[in-house]
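Below is my_file19.txt, which holds compact mmCIF, C-alpha atoms.
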```txt
# COMPACT_ATOMS: atom_id res chain seq x y z
CA MET A 1 0.00 0.00 0.00
CA THR A 2 2.79 2.41 0.80
CA ALA A 3 4.41 1.72 -2.57
CA CYS A 4 1.40 2.90 -4.64
CA GLU A 5 1.60 6.38 -6.09
CA SER A 6 -1.79 6.50 -7.86
CA ASP A 7 -5.41 5.67 -7.13
CA LEU A 8 -6.11 1.97 -7.70
CA ASP A 9 -9.82 2.61 -8.12
CA GLN A 10 -9.74 3.41 -11.86
CA PHE A 11 -12.05 2.59 -14.76
CA PRO A 12 -10.53 0.56 -17.58
CA PRO A 13 -10.22 2.88 -20.62
CA ASN A 14 -12.71 0.82 -22.69
CA ILE A 15 -15.42 0.85 -20.02
CA SER A 16 -15.43 4.57 -19.32
CA SER A 17 -18.37 6.78 -20.11
CA SER A 18 -18.38 7.92 -23.72
CA ASN A 19 -17.24 11.46 -22.94
CA SER A 20 -14.16 10.23 -21.08
CA LEU A 21 -12.96 7.51 -23.47
CA THR A 22 -9.34 7.69 -24.52
CA ASP A 23 -9.05 4.30 -26.24
CA PHE A 24 -11.42 3.98 -29.20
CA GLY A 25 -10.22 0.60 -30.41
CA GLY A 26 -13.24 -1.12 -28.90
CA VAL A 27 -15.62 1.38 -30.47
CA LEU A 28 -14.00 0.82 -33.85
CA ASN A 29 -14.39 -2.94 -33.38
CA ALA A 30 -18.10 -2.32 -32.74
CA ALA A 31 -18.33 -0.49 -36.09
CA TYR A 32 -16.85 -3.58 -37.77
CA PHE A 33 -19.10 -5.92 -35.79
CA TYR A 34 -22.38 -4.22 -36.66
CA GLN A 35 -21.65 -4.69 -40.35
CA HIS A 36 -22.48 -8.38 -39.81
CA SER A 37 -26.23 -7.74 -39.82
CA GLY A 38 -26.02 -6.46 -43.38
CA VAL A 39 -24.26 -9.51 -44.82
CA THR A 40 -27.03 -12.06 -45.41
CA PRO A 41 -29.68 -9.51 -46.43
CA MET A 42 -27.27 -8.07 -49.02
CA ALA A 43 -26.45 -11.57 -50.29
CA VAL A 44 -30.13 -12.45 -50.67
CA MET A 45 -31.03 -9.14 -52.30
CA GLY A 46 -28.11 -9.43 -54.70
CA ASP A 47 -28.86 -12.92 -56.01
CA PHE A 48 -32.43 -13.90 -55.10
CA ARG A 49 -33.86 -10.64 -56.45
CA ALA A 50 -31.95 -11.26 -59.68
CA ASP A 51 -31.86 -14.22 -62.04
CA ASN A 52 -29.30 -16.31 -60.12
CA ALA A 53 -31.63 -17.70 -57.45
CA PHE A 54 -35.25 -17.68 -56.36
CA MET A 55 -37.48 -18.32 -53.35
CA GLU A 56 -39.93 -21.23 -53.34
CA GLU A 57 -42.09 -20.68 -50.26
CA GLU A 58 -44.68 -17.99 -49.67
CA PRO A 59 -44.36 -15.15 -48.79
CA TYR A 60 -40.65 -15.22 -49.64
CA ASP A 61 -41.43 -15.63 -53.32
CA GLU A 62 -42.33 -11.92 -53.23
CA PHE A 63 -38.65 -11.41 -54.06
CA ASP A 64 -39.46 -12.49 -57.61
CA MET A 65 -42.80 -10.69 -58.00
CA PHE A 66 -41.70 -7.04 -58.16
CA GLY A 67 -44.79 -5.73 -56.43
CA PRO A 68 -45.76 -3.86 -53.27
CA ASN A 69 -45.73 -6.76 -50.82
CA LEU A 70 -41.99 -7.17 -50.26
CA THR A 71 -42.50 -5.33 -46.96
CA VAL A 72 -43.40 -8.68 -45.38
CA MET A 73 -39.68 -9.50 -45.48
CA GLU A 74 -38.82 -6.81 -42.93
CA ASP A 75 -38.01 -8.98 -39.92
CA GLN A 76 -35.60 -11.28 -41.70
CA PHE A 77 -33.96 -8.97 -44.22
CA PHE A 78 -34.60 -5.23 -44.38
CA GLY A 79 -34.93 -4.57 -40.64
CA PRO A 80 -31.64 -6.19 -39.52
CA PHE A 81 -29.87 -4.69 -42.53
CA TYR A 82 -31.10 -1.18 -41.76
CA THR A 83 -30.54 -1.16 -38.01
CA GLY A 84 -27.20 -2.97 -38.11
CA LEU A 85 -25.68 -0.54 -40.58
CA TYR A 86 -26.92 2.50 -38.68
CA LYS A 87 -25.38 1.07 -35.50
CA SER A 88 -22.11 0.67 -37.40
CA ILE A 89 -22.43 4.28 -38.55
CA LEU A 90 -23.05 5.50 -34.99
CA SER A 91 -19.94 3.69 -33.71
CA ALA A 92 -17.90 4.99 -36.64
CA ASN A 93 -19.08 8.53 -35.89
CA SER A 94 -17.78 8.23 -32.33
CA VAL A 95 -14.33 7.20 -33.56
CA ILE A 96 -14.24 9.91 -36.23
CA GLU A 97 -15.21 12.63 -33.76
CA ASN A 98 -13.00 11.61 -30.88
CA SER A 99 -10.08 9.36 -31.74
CA ALA A 100 -6.61 10.89 -32.01
CA ASP A 101 -5.40 7.88 -33.99
CA ALA A 102 -5.41 8.73 -37.72
CA THR A 103 -5.55 5.08 -38.74
CA GLU A 104 -8.57 4.42 -36.53
CA VAL A 105 -10.32 7.43 -38.04
CA GLY A 106 -9.46 6.23 -41.55
CA GLU A 107 -10.91 2.78 -40.84
CA ALA A 108 -14.03 4.35 -39.31
CA LYS A 109 -14.54 6.54 -42.38
CA PHE A 110 -14.19 3.50 -44.63
CA LEU A 111 -16.81 1.64 -42.59
CA ARG A 112 -19.18 4.61 -42.55
CA ALA A 113 -18.84 4.98 -46.31
CA LEU A 114 -19.38 1.23 -46.83
CA ALA A 115 -22.53 1.33 -44.69
CA TYR A 116 -24.00 4.32 -46.51
CA PHE A 117 -23.07 2.85 -49.90
CA LYS A 118 -25.03 -0.28 -49.05
CA LEU A 119 -27.95 1.73 -47.70
CA VAL A 120 -28.34 3.94 -50.78
CA ARG A 121 -28.02 1.04 -53.20
CA VAL A 122 -30.74 -0.83 -51.33
CA PHE A 123 -33.10 1.99 -50.30
CA GLY A 124 -32.22 5.04 -52.42
CA ASP A 125 -32.65 8.19 -50.33
CA VAL A 126 -31.73 7.60 -46.68
CA THR A 127 -31.44 9.34 -43.34
CA VAL A 128 -27.97 10.77 -42.73
CA ASN A 129 -26.41 10.95 -39.29
CA LEU A 130 -22.81 12.12 -38.94
CA SER A 131 -22.86 12.60 -35.17
CA SER A 132 -22.10 10.23 -32.31
CA SER A 133 -24.79 11.94 -30.22
CA PRO A 134 -27.66 12.95 -32.54
CA SER A 135 -30.52 14.97 -31.12
CA LEU A 136 -33.23 12.92 -29.44
CA THR A 137 -35.82 15.64 -29.92
CA ASP A 138 -35.18 17.07 -33.39
CA GLY A 139 -37.13 14.73 -35.66
CA SER A 140 -36.02 16.61 -38.76
CA ILE A 141 -32.68 14.80 -38.72
CA LEU A 142 -34.58 11.66 -39.73
CA VAL A 143 -35.71 13.15 -43.05
CA ARG A 144 -34.32 11.06 -45.90
CA GLN A 145 -31.60 12.78 -47.93
CA PRO A 146 -31.29 12.40 -51.72
CA ALA A 147 -29.02 9.53 -52.64
CA SER A 148 -26.93 11.87 -54.81
CA ASP A 149 -26.23 14.05 -51.75
CA VAL A 150 -25.28 11.01 -49.70
CA TYR A 151 -22.78 10.02 -52.38
CA ASN A 152 -21.33 13.52 -52.79
CA ASN A 153 -21.33 14.64 -49.17
CA VAL A 154 -20.63 11.44 -47.26
CA ILE A 155 -19.59 8.35 -49.19
CA ILE A 156 -17.07 9.84 -51.62
CA PRO A 157 -15.42 12.25 -49.12
CA ASP A 158 -15.19 9.50 -46.49
CA LEU A 159 -13.49 7.12 -48.90
CA GLN A 160 -11.12 9.85 -50.06
CA ASP A 161 -10.19 10.55 -46.44
CA ALA A 162 -9.73 6.82 -45.81
CA ILE A 163 -7.39 6.56 -48.80
CA ALA A 164 -5.29 9.40 -47.39
CA ALA A 165 -5.18 7.93 -43.88
CA LEU A 166 -4.69 4.20 -44.46
CA SER A 167 -1.71 2.09 -45.45
CA THR A 168 -1.59 -0.25 -48.42
CA ASN A 169 -0.69 -3.00 -45.94
CA ILE A 170 -3.68 -5.16 -45.11
CA ILE A 171 -3.44 -5.98 -41.41
CA ASN A 172 -5.65 -8.77 -40.04
CA GLY A 173 -8.13 -8.22 -42.86
CA ARG A 174 -9.03 -4.71 -41.72
CA ALA A 175 -9.73 -1.74 -43.99
CA SER A 176 -6.76 -0.58 -46.04
CA LYS A 177 -5.91 2.03 -48.65
CA LEU A 178 -6.43 -0.57 -51.36
CA ALA A 179 -9.89 -1.43 -50.01
CA ALA A 180 -10.86 2.24 -49.91
CA GLN A 181 -9.60 2.82 -53.47
CA GLY A 182 -11.42 -0.25 -54.75
CA MET A 183 -14.64 0.71 -53.02
CA LEU A 184 -14.38 4.28 -54.29
CA GLY A 185 -13.93 2.90 -57.80
CA LYS A 186 -17.06 0.83 -57.32
CA VAL A 187 -18.93 3.90 -56.07
CA TYR A 188 -17.91 5.88 -59.14
CA MET A 189 -19.06 2.99 -61.36
CA GLN A 190 -22.40 3.09 -59.58
CA ARG A 191 -22.59 6.81 -60.35
CA GLY A 192 -21.61 6.35 -64.01
CA ASP A 193 -18.44 8.43 -63.50
CA TYR A 194 -16.22 6.13 -65.52
CA SER A 195 -13.25 8.47 -65.71
CA SER A 196 -12.95 8.78 -61.93
CA ALA A 197 -13.65 5.06 -61.57
CA GLU A 198 -10.88 4.10 -63.98
CA SER A 199 -8.33 6.14 -62.02
CA GLN A 200 -9.16 4.47 -58.69
CA LEU A 201 -9.50 0.96 -60.08
CA SER A 202 -6.25 1.31 -62.01
CA SER A 203 -4.47 2.17 -58.77
CA VAL A 204 -5.80 -1.01 -57.17
CA VAL A 205 -4.85 -3.23 -60.10
CA SER A 206 -1.34 -1.78 -60.32
CA GLY A 207 -0.80 -1.67 -56.56
CA ALA A 208 -2.21 -5.10 -55.74
CA GLY A 209 1.06 -7.00 -56.03
CA GLY A 210 2.89 -4.68 -53.68
CA ALA A 211 0.18 -5.21 -51.08
CA GLY A 212 0.32 -9.00 -51.41
CA ILE A 213 -2.91 -9.19 -53.42
CA SER A 214 -3.08 -11.52 -56.43
CA LEU A 215 -5.52 -13.80 -58.21
CA LYS A 216 -5.59 -17.30 -56.75
CA ASP A 217 -4.41 -19.97 -59.17
CA SER A 218 -7.54 -22.01 -58.52
CA PHE A 219 -11.02 -20.48 -58.39
CA ALA A 220 -12.03 -23.02 -55.73
CA ASP A 221 -9.31 -21.75 -53.40
CA ILE A 222 -11.05 -18.39 -52.96
CA PHE A 223 -13.95 -19.84 -50.96
CA GLY A 224 -14.43 -21.90 -47.80
CA VAL A 225 -13.37 -21.13 -44.25
CA GLU A 226 -9.89 -22.51 -44.82
CA ASN A 227 -9.41 -19.83 -47.47
CA ASP A 228 -10.68 -16.81 -45.52
CA LEU A 229 -8.54 -13.70 -46.11
CA ASN A 230 -6.65 -15.37 -48.96
CA SER A 231 -4.44 -13.43 -51.37
CA GLU A 232 -7.32 -12.40 -53.64
CA ILE A 233 -9.39 -10.79 -50.88
CA ILE A 234 -9.03 -7.03 -50.66
CA TYR A 235 -11.68 -6.65 -47.99
CA ALA A 236 -14.13 -9.00 -46.26
CA THR A 237 -16.53 -8.72 -43.36
CA GLN A 238 -15.02 -11.25 -40.98
CA ILE A 239 -17.40 -13.66 -39.29
CA SER A 240 -16.81 -16.14 -36.47
CA SER A 241 -19.18 -18.71 -35.02
CA SER A 242 -17.65 -17.99 -31.62
CA ILE A 243 -19.03 -14.43 -31.69
CA SER A 244 -22.80 -14.17 -31.86
CA ASP A 245 -24.01 -11.38 -34.09
CA GLU A 246 -27.39 -9.69 -34.25
CA TYR A 247 -28.63 -11.58 -37.28
CA GLY A 248 -30.64 -14.51 -35.94
CA PHE A 249 -31.78 -16.24 -39.13
CA SER A 250 -30.30 -18.50 -41.83
CA GLU A 251 -26.98 -17.13 -43.01
CA PHE A 252 -25.93 -16.43 -46.62
CA TRP A 253 -24.23 -19.80 -47.07
CA SER A 254 -27.45 -21.54 -46.01
CA TRP A 255 -29.56 -19.65 -48.53
CA SER A 256 -27.30 -20.28 -51.51
CA GLY A 257 -26.75 -23.89 -50.48
CA GLY A 258 -30.47 -24.71 -50.34
CA LEU A 259 -30.33 -25.35 -46.60
CA ASP A 260 -33.31 -23.17 -45.70
CA THR A 261 -36.76 -24.69 -46.21
CA LYS A 262 -37.98 -21.46 -47.79
CA SER A 263 -35.86 -22.32 -50.83
CA LEU A 264 -34.50 -25.86 -50.88
CA ARG A 265 -33.63 -25.70 -54.59
CA PRO A 266 -32.75 -22.03 -55.06
CA LEU A 267 -30.65 -22.27 -58.23
CA ASP A 268 -32.29 -20.37 -61.08
CA PRO A 269 -32.24 -22.26 -64.42
CA SER A 270 -31.11 -18.98 -66.00
CA LEU A 271 -27.74 -19.26 -64.23
CA VAL A 272 -27.44 -22.89 -65.30
CA ALA A 273 -28.02 -21.77 -68.89
CA ALA A 274 -25.34 -19.10 -68.51
CA PHE A 275 -22.81 -21.75 -67.49
CA ASP A 276 -24.02 -24.04 -70.29
CA ALA A 277 -23.07 -21.23 -72.67
CA SER A 278 -19.53 -21.33 -71.23
CA PRO A 279 -18.46 -24.95 -71.85
CA GLY A 280 -15.40 -26.11 -69.94
CA ASP A 281 -15.72 -23.32 -67.37
CA LEU A 282 -13.99 -24.54 -64.19
CA ARG A 283 -16.09 -22.12 -62.11
CA ARG A 284 -19.19 -24.19 -62.80
CA ALA A 285 -18.47 -27.01 -60.33
CA VAL A 286 -17.56 -24.50 -57.63
CA THR A 287 -20.64 -22.33 -58.19
CA ILE A 288 -23.56 -24.60 -59.11
CA ASP A 289 -24.74 -28.13 -58.36
CA THR A 290 -27.51 -29.07 -60.78
CA SER A 291 -28.35 -32.28 -58.90
CA LYS A 292 -29.29 -30.23 -55.84
CA MET A 293 -30.15 -27.08 -57.81
CA ALA A 294 -28.15 -25.10 -55.26
CA SER A 295 -24.72 -23.52 -54.92
CA PRO A 296 -21.78 -25.17 -53.12
CA LYS A 297 -19.70 -21.98 -53.40
CA PHE A 298 -19.76 -21.46 -49.63
CA PRO A 299 -19.63 -25.05 -48.32
CA GLN A 300 -21.85 -26.19 -45.46
CA THR A 301 -18.78 -27.43 -43.59
CA GLY A 302 -17.62 -24.54 -41.45
CA GLY A 303 -20.48 -22.42 -42.72
CA PRO A 304 -20.90 -20.20 -39.66
CA ASP A 305 -17.27 -19.13 -40.00
CA HIS A 306 -17.37 -18.06 -43.65
CA ASP A 307 -16.20 -14.48 -44.11
CA TRP A 308 -18.31 -12.39 -46.47
CA ILE A 309 -16.25 -11.12 -49.39
CA GLU A 310 -16.93 -7.43 -49.93
CA LEU A 311 -14.21 -6.84 -52.52
CA ARG A 312 -11.76 -9.13 -54.28
CA LEU A 313 -9.26 -8.56 -57.05
CA ALA A 314 -11.22 -10.27 -59.84
CA ASP A 315 -14.18 -7.99 -59.11
CA VAL A 316 -11.91 -4.94 -59.37
CA ILE A 317 -10.30 -6.15 -62.60
CA LEU A 318 -13.70 -6.65 -64.22
CA LEU A 319 -14.87 -3.22 -63.09
CA TYR A 320 -11.64 -1.72 -64.41
CA ALA A 321 -12.21 -3.41 -67.78
CA GLU A 322 -15.75 -2.05 -67.81
CA ALA A 323 -14.54 1.48 -67.04
CA ARG A 324 -11.87 1.25 -69.75
CA ASN A 325 -14.49 0.15 -72.26
CA GLU A 326 -16.86 2.98 -71.33
CA ASN A 327 -13.97 5.44 -71.65
CA GLY A 328 -13.28 4.36 -75.25
CA ALA A 329 -10.36 1.93 -74.98
CA SER A 330 -10.02 -0.56 -77.82
CA ALA A 331 -11.67 -3.97 -77.62
CA ALA A 332 -8.23 -5.63 -77.71
CA GLU A 333 -7.01 -3.60 -74.69
CA VAL A 334 -10.14 -4.22 -72.68
CA LEU A 335 -10.61 -7.91 -73.41
CA ALA A 336 -6.95 -8.60 -72.57
CA LEU A 337 -7.72 -7.53 -69.00
CA LEU A 338 -10.09 -10.49 -68.74
CA ASP A 339 -7.48 -13.04 -69.85
CA PRO A 340 -6.11 -13.97 -66.37
CA ILE A 341 -9.63 -14.49 -65.02
CA ARG A 342 -10.69 -16.59 -68.00
CA ASP A 343 -7.43 -18.53 -68.02
CA ARG A 344 -8.00 -19.49 -64.39
CA ALA A 345 -11.50 -20.65 -65.40
CA GLY A 346 -9.99 -22.85 -68.13
CA LEU A 347 -11.31 -20.65 -70.94
CA ASP A 348 -9.66 -19.23 -74.03
CA PRO A 349 -9.16 -15.46 -74.41
CA LEU A 350 -12.02 -13.56 -76.01
CA ASP A 351 -11.39 -12.57 -79.63
CA PRO A 352 -11.45 -8.79 -80.23
CA GLY A 353 -11.92 -9.53 -83.91
CA THR A 354 -15.31 -11.05 -83.10
CA ILE A 355 -16.19 -9.00 -80.04
CA SER A 356 -15.21 -5.64 -81.42
CA SER A 357 -17.87 -3.04 -80.67
CA GLN A 358 -18.19 -1.21 -77.38
CA ALA A 359 -21.62 -2.76 -76.85
CA ALA A 360 -20.33 -6.28 -77.52
CA VAL A 361 -17.43 -5.80 -75.11
CA ARG A 362 -19.82 -4.38 -72.52
CA GLN A 363 -21.97 -7.52 -72.77
CA ALA A 364 -18.92 -9.81 -72.57
CA ILE A 365 -17.81 -8.15 -69.34
CA ALA A 366 -21.32 -8.39 -67.88
CA ASP A 367 -21.46 -12.08 -68.73
CA GLU A 368 -18.05 -12.62 -67.15
CA ARG A 369 -19.09 -10.80 -63.99
CA ARG A 370 -22.16 -13.00 -63.66
CA LEU A 371 -20.21 -16.25 -63.81
CA GLU A 372 -17.30 -15.01 -61.69
CA LEU A 373 -19.35 -13.38 -58.92
CA ALA A 374 -22.52 -15.49 -58.72
CA PHE A 375 -23.79 -15.85 -55.14
CA GLU A 376 -21.55 -13.03 -53.94
CA GLY A 377 -24.42 -10.54 -53.74
CA GLN A 378 -23.46 -8.62 -56.88
CA ARG A 379 -25.86 -9.56 -59.68
CA TRP A 380 -28.97 -7.45 -58.92
CA PHE A 381 -26.94 -4.34 -58.19
CA ASP A 382 -24.96 -4.81 -61.42
CA LEU A 383 -28.21 -5.02 -63.40
CA VAL A 384 -29.58 -1.87 -61.79
CA ARG A 385 -26.45 0.23 -62.24
CA THR A 386 -26.02 -0.81 -65.90
CA GLY A 387 -29.69 -0.29 -66.76
CA THR A 388 -30.09 -3.90 -67.92
CA VAL A 389 -32.73 -5.14 -65.47
CA ASP A 390 -35.46 -5.65 -68.07
CA SER A 391 -33.27 -7.16 -70.79
CA GLU A 392 -31.53 -9.61 -68.46
CA MET A 393 -34.57 -10.50 -66.37
CA GLY A 394 -36.71 -10.98 -69.48
CA GLN A 395 -39.57 -8.81 -68.28
CA ASN A 396 -40.52 -5.18 -67.86
CA ILE A 397 -40.00 -4.26 -64.21
CA ASP A 398 -41.25 -0.99 -62.76
CA ASN A 399 -38.13 0.93 -61.75
CA ARG A 400 -39.73 1.66 -58.38
CA TYR A 401 -38.81 -1.93 -57.58
CA HIS A 402 -35.16 -1.48 -58.41
CA ILE A 403 -34.81 -0.51 -54.75
CA PHE A 404 -36.29 -2.12 -51.66
CA PRO A 405 -38.81 -1.05 -49.00
CA ILE A 406 -37.75 0.97 -45.98
CA PRO A 407 -38.58 -1.13 -42.87
CA VAL A 408 -42.16 -0.29 -41.91
CA SER A 409 -41.13 -0.22 -38.25
CA GLU A 410 -38.78 2.69 -39.00
CA VAL A 411 -41.50 4.60 -40.82
CA LEU A 412 -43.93 4.14 -37.92
CA ALA A 413 -41.38 4.83 -35.18
CA SER A 414 -40.51 8.15 -36.83
CA PHE A 415 -44.20 9.11 -37.11
CA GLU A 416 -43.66 8.96 -40.89
CA VAL A 417 -40.87 11.54 -40.93
CA ILE A 418 -39.02 8.66 -42.56
CA THR A 419 -41.15 8.00 -45.63
CA GLN A 420 -41.70 4.74 -47.48
CA ASN A 421 -40.39 4.21 -51.00
CA PRO A 422 -43.03 4.65 -53.72
CA GLY A 423 -44.71 1.41 -54.74
CA TYR A 424 -44.54 -0.25 -51.32
```
Turn the structure described in the file into structure tokens.
Amino acid sequence: MTACESDLDQFPPNISSSNSLTDFGGVLNAAYFYQHSGVTPMAVMGDFRADNAFMEEEPYDEFDMFGPNLTVMEDQFFGPFYTGLYKSILSANSVIENSADATEVGEAKFLRALAYFKLVRVFGDVTVNLSSSPSLTDGSILVRQPASDVYNNVIIPDLQDAIAALSTNIINGRASKLAAQGMLGKVYMQRGDYSSAESQLSSVVSGAGGAGISLKDSFADIFGVENDLNSEIIYATQISSSISDEYGFSEFWSWSGGLDTKSLRPLDPSLVAAFDASPGDLRRAVTIDTSKMASPKFPQTGGPDHDWIELRLADVILLYAEARNENGASAAEVLALLDPIRDRAGLDPLDPGTISSQAAVRQAIADERRLELAFEGQRWFDLVRTGTVDSEMGQNIDNRYHIFPIPVSEVLASFEVITQNPGY
């Protein structure tokens, strides 16, 4: 007792009240953690809304009906997605406002941008909160902001700040400069700003090797728990069965694998036909099982520990090729970018003598993205951003249903300050 020079009765730095925190590592971890609730909903929206998979059981078949009744999916999909991402945003705001660690702030800005990017792609206009302690009495802060403003005032600036603050080194799978550049490139592609997209995506493609990022030799080696955070993964939401998250339903690997009774044979014949049109494609056996009419891409073994891939190098390369094509590069230049991906799939290079027009190259890239990224939550959002929903889905779909319904509980809890999307 006589040797002590300070008060022993102290609060650990991570359990202090919010206004006295000095260590924001735990708060940043919370921002990562709350992203989990968005994983399975995004996976289902990306593939089951599109022509890769479908629901069999009512009312889940509303995913394929493009009508007003999708609101019945709130509890399992839209509600957890919405609340989880806003919790991630709130934690990120606390780090951004208070942490003195530039890397922590950079990671928090990446996570906030990622959350808002997902929210605007799914819901369109959304509520914006950039404070760790928003007003509890001013309901006006709940008013949905135009998606264009969210992109210009939040998502793009946050990713630019993250690029400036983060290292190219990927440490324990956390956000990095490369992840921020790749995500910003994807954002610009979503916005149709192909010039800005090409610049960011080019930086990722050229800088990948120096950061230890490269295409896996075997397509199968990208997936499965034993391959989590492999050399092709630029950023993934890390998941562990030892840490319970807030999503209490079937996970993404269950849905694609036909392990949920709501869709025991989820594989859409349209995706089977797409692989039939690509004979010898080594991705087929990894992606589809026509005997079960399901996808083995994320195997049942170790399922609860599968990380969710947010961004991998092949995705970036295909986006880069798309941007180059939209910016007027020659067919030969653009199609050559696809060669490593096709070679890995056991396919010959595409012939620029046959696929020579910008439109033909555009379609070739879209077809490649479908086969490469099936069941990775990409397909529906690719169709929407490229304006090809009707042509690829084979029906005329009201563009009100290109986005999804705001959770009804949020509309009611805000006394309808938060409005519902038209058509729902």
Please compute the atom CA of A:Arg174-atom CA of A:Glu107 distance, one decimal, in Å.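 Interatomic distance here is 7.8 Å.
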May I have the protein, DNA and RNA residues with an atom at most 10 Å from (-10.4, 2.9, -70.5), counting all atoms listed in the file in the file's coordinates, returned as an mmCIF file with C-alpha atoms, in the coordinates of the input?
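File result_21.cif, as written:
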```cif
data_model
loop_
_atom_site.group_PDB
_atom_site.id
_atom_site.type_symbol
_atom_site.label_atom_id
_atom_site.label_comp_id
_atom_site.auth_asym_id
_atom_site.auth_seq_id
_atom_site.Cartn_x
_atom_site.Cartn_y
_atom_site.Cartn_z
ATOM 1 C CA TYR A 194 -16.220 6.130 -65.520
ATOM 2 C CA SER A 195 -13.250 8.470 -65.710
ATOM 3 C CA ALA A 197 -13.650 5.060 -61.570
ATOM 4 C CA GLU A 198 -10.880 4.100 -63.980
ATOM 5 C CA SER A 199 -8.330 6.140 -62.020
ATOM 6 C CA SER A 202 -6.250 1.310 -62.010
ATOM 7 C CA TYR A 320 -11.640 -1.720 -64.410
ATOM 8 C CA ALA A 321 -12.210 -3.410 -67.780
ATOM 9 C CA GLU A 322 -15.750 -2.050 -67.810
ATOM 10 C CA ALA A 323 -14.540 1.480 -67.040
ATOM 11 C CA ARG A 324 -11.870 1.250 -69.750
ATOM 12 C CA ASN A 325 -14.490 0.150 -72.260
ATOM 13 C CA GLU A 326 -16.860 2.980 -71.330
ATOM 14 C CA ASN A 327 -13.970 5.440 -71.650
ATOM 15 C CA GLY A 328 -13.280 4.360 -75.250
ATOM 16 C CA ALA A 329 -10.360 1.930 -74.980
ATOM 17 C CA SER A 330 -10.020 -0.560 -77.820
ATOM 18 C CA ALA A 331 -11.670 -3.970 -77.620
ATOM 19 C CA GLU A 333 -7.010 -3.600 -74.690
ATOM 20 C CA VAL A 334 -10.140 -4.220 -72.680
#
```
Extract, using all atoms listed in the file, all DNA, RNA and protein residues at most 10 Å from A:Ser244, discarding same-chain residues fewer than 4 positions from it, and format them as a list in words.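 Skipping anything fewer than 4 positions along the chain leaves Phe33, His36, Ile239, Ser240 and Gly248 of chain A.
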Considering all atoms listed in the file, state which residue in the set A:Tyr235, A:Tyr151, A:Phe123, A:Trp380 is at the smallest distance from A:Asn52.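 The answer is A:Trp380, which sits nearest to A:Asn52.
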Just how far from atom CA of A:Thr168 is atom CA of A:Val225, in Å to one decimal?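 According to the coordinates, atom CA of A:Val225 and atom CA of A:Thr168 are separated by 24.3 Å.
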Please compute the atom CA of A:Ile309-atom CA of A:Asn98 distance, one decimal, in Å.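 Calculated distance between atom CA of A:Ile309 and atom CA of A:Asn98 is 29.5 Å.
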Which polymer residues have any atom within 10 Å of an atom of A:Gly210, counting all atoms listed in the file, with same-chain residues fewer than 4 positions away left out, as a VMD selection string? chain A and resid 168 to 169 206 214
Would you mind telling me which residue in A:Leu229, A:Leu282, A:Val105, A:Ala364 lies nearest to A:Arg344 when using all atoms listed in the file?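 Counting all atoms listed in the file, the residue closest to A:Arg344 is A:Leu282.
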Sphere at (-45.0, -10.7, -44.5), radius 12 Å, counting all atoms listed in the file: residues as a ChimeraX atom specification: /A:57-63,68-78,407-408
Here is a test: counting only C-alpha atoms, which residue of A:Trp253, A:Tyr32, A:Tyr82, A:Tyr424 is nearest to A:Val126?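 Looking at the shortest contact to A:Val126, the residue is A:Tyr82.
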Spatial neighbours of stretch 340-343 of chain A, max dist 12 Å, all atoms listed in the file, sep filter under 3 positions, as an NGL selection string: :A and (214-219 or 232 or 278 or 280-283 or 313-318 or 321 or 335-337 or 346-350 or 364-365 or 367-369 or 371-373)
Would you please work out which residue, of A:Thr83, A:Asn396, A:Ser133, A:Asn29, is nearest to A:Glu97 when using only C-alpha atoms? A:Ser133
Kindly indicate which residue among A:Arg312, A:Ala359, A:Asp138, A:Thr354 lies nearest to A:Val205, using all atoms listed in the file for the distances. A:Arg312
Pick out the closest residue to A:Arg385 from this set: A:Met189, A:Ala162, A:Leu178, A:Val417. Count only C-alpha atoms.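 Counting only C-alpha atoms, the residue closest to A:Arg385 is A:Met189.
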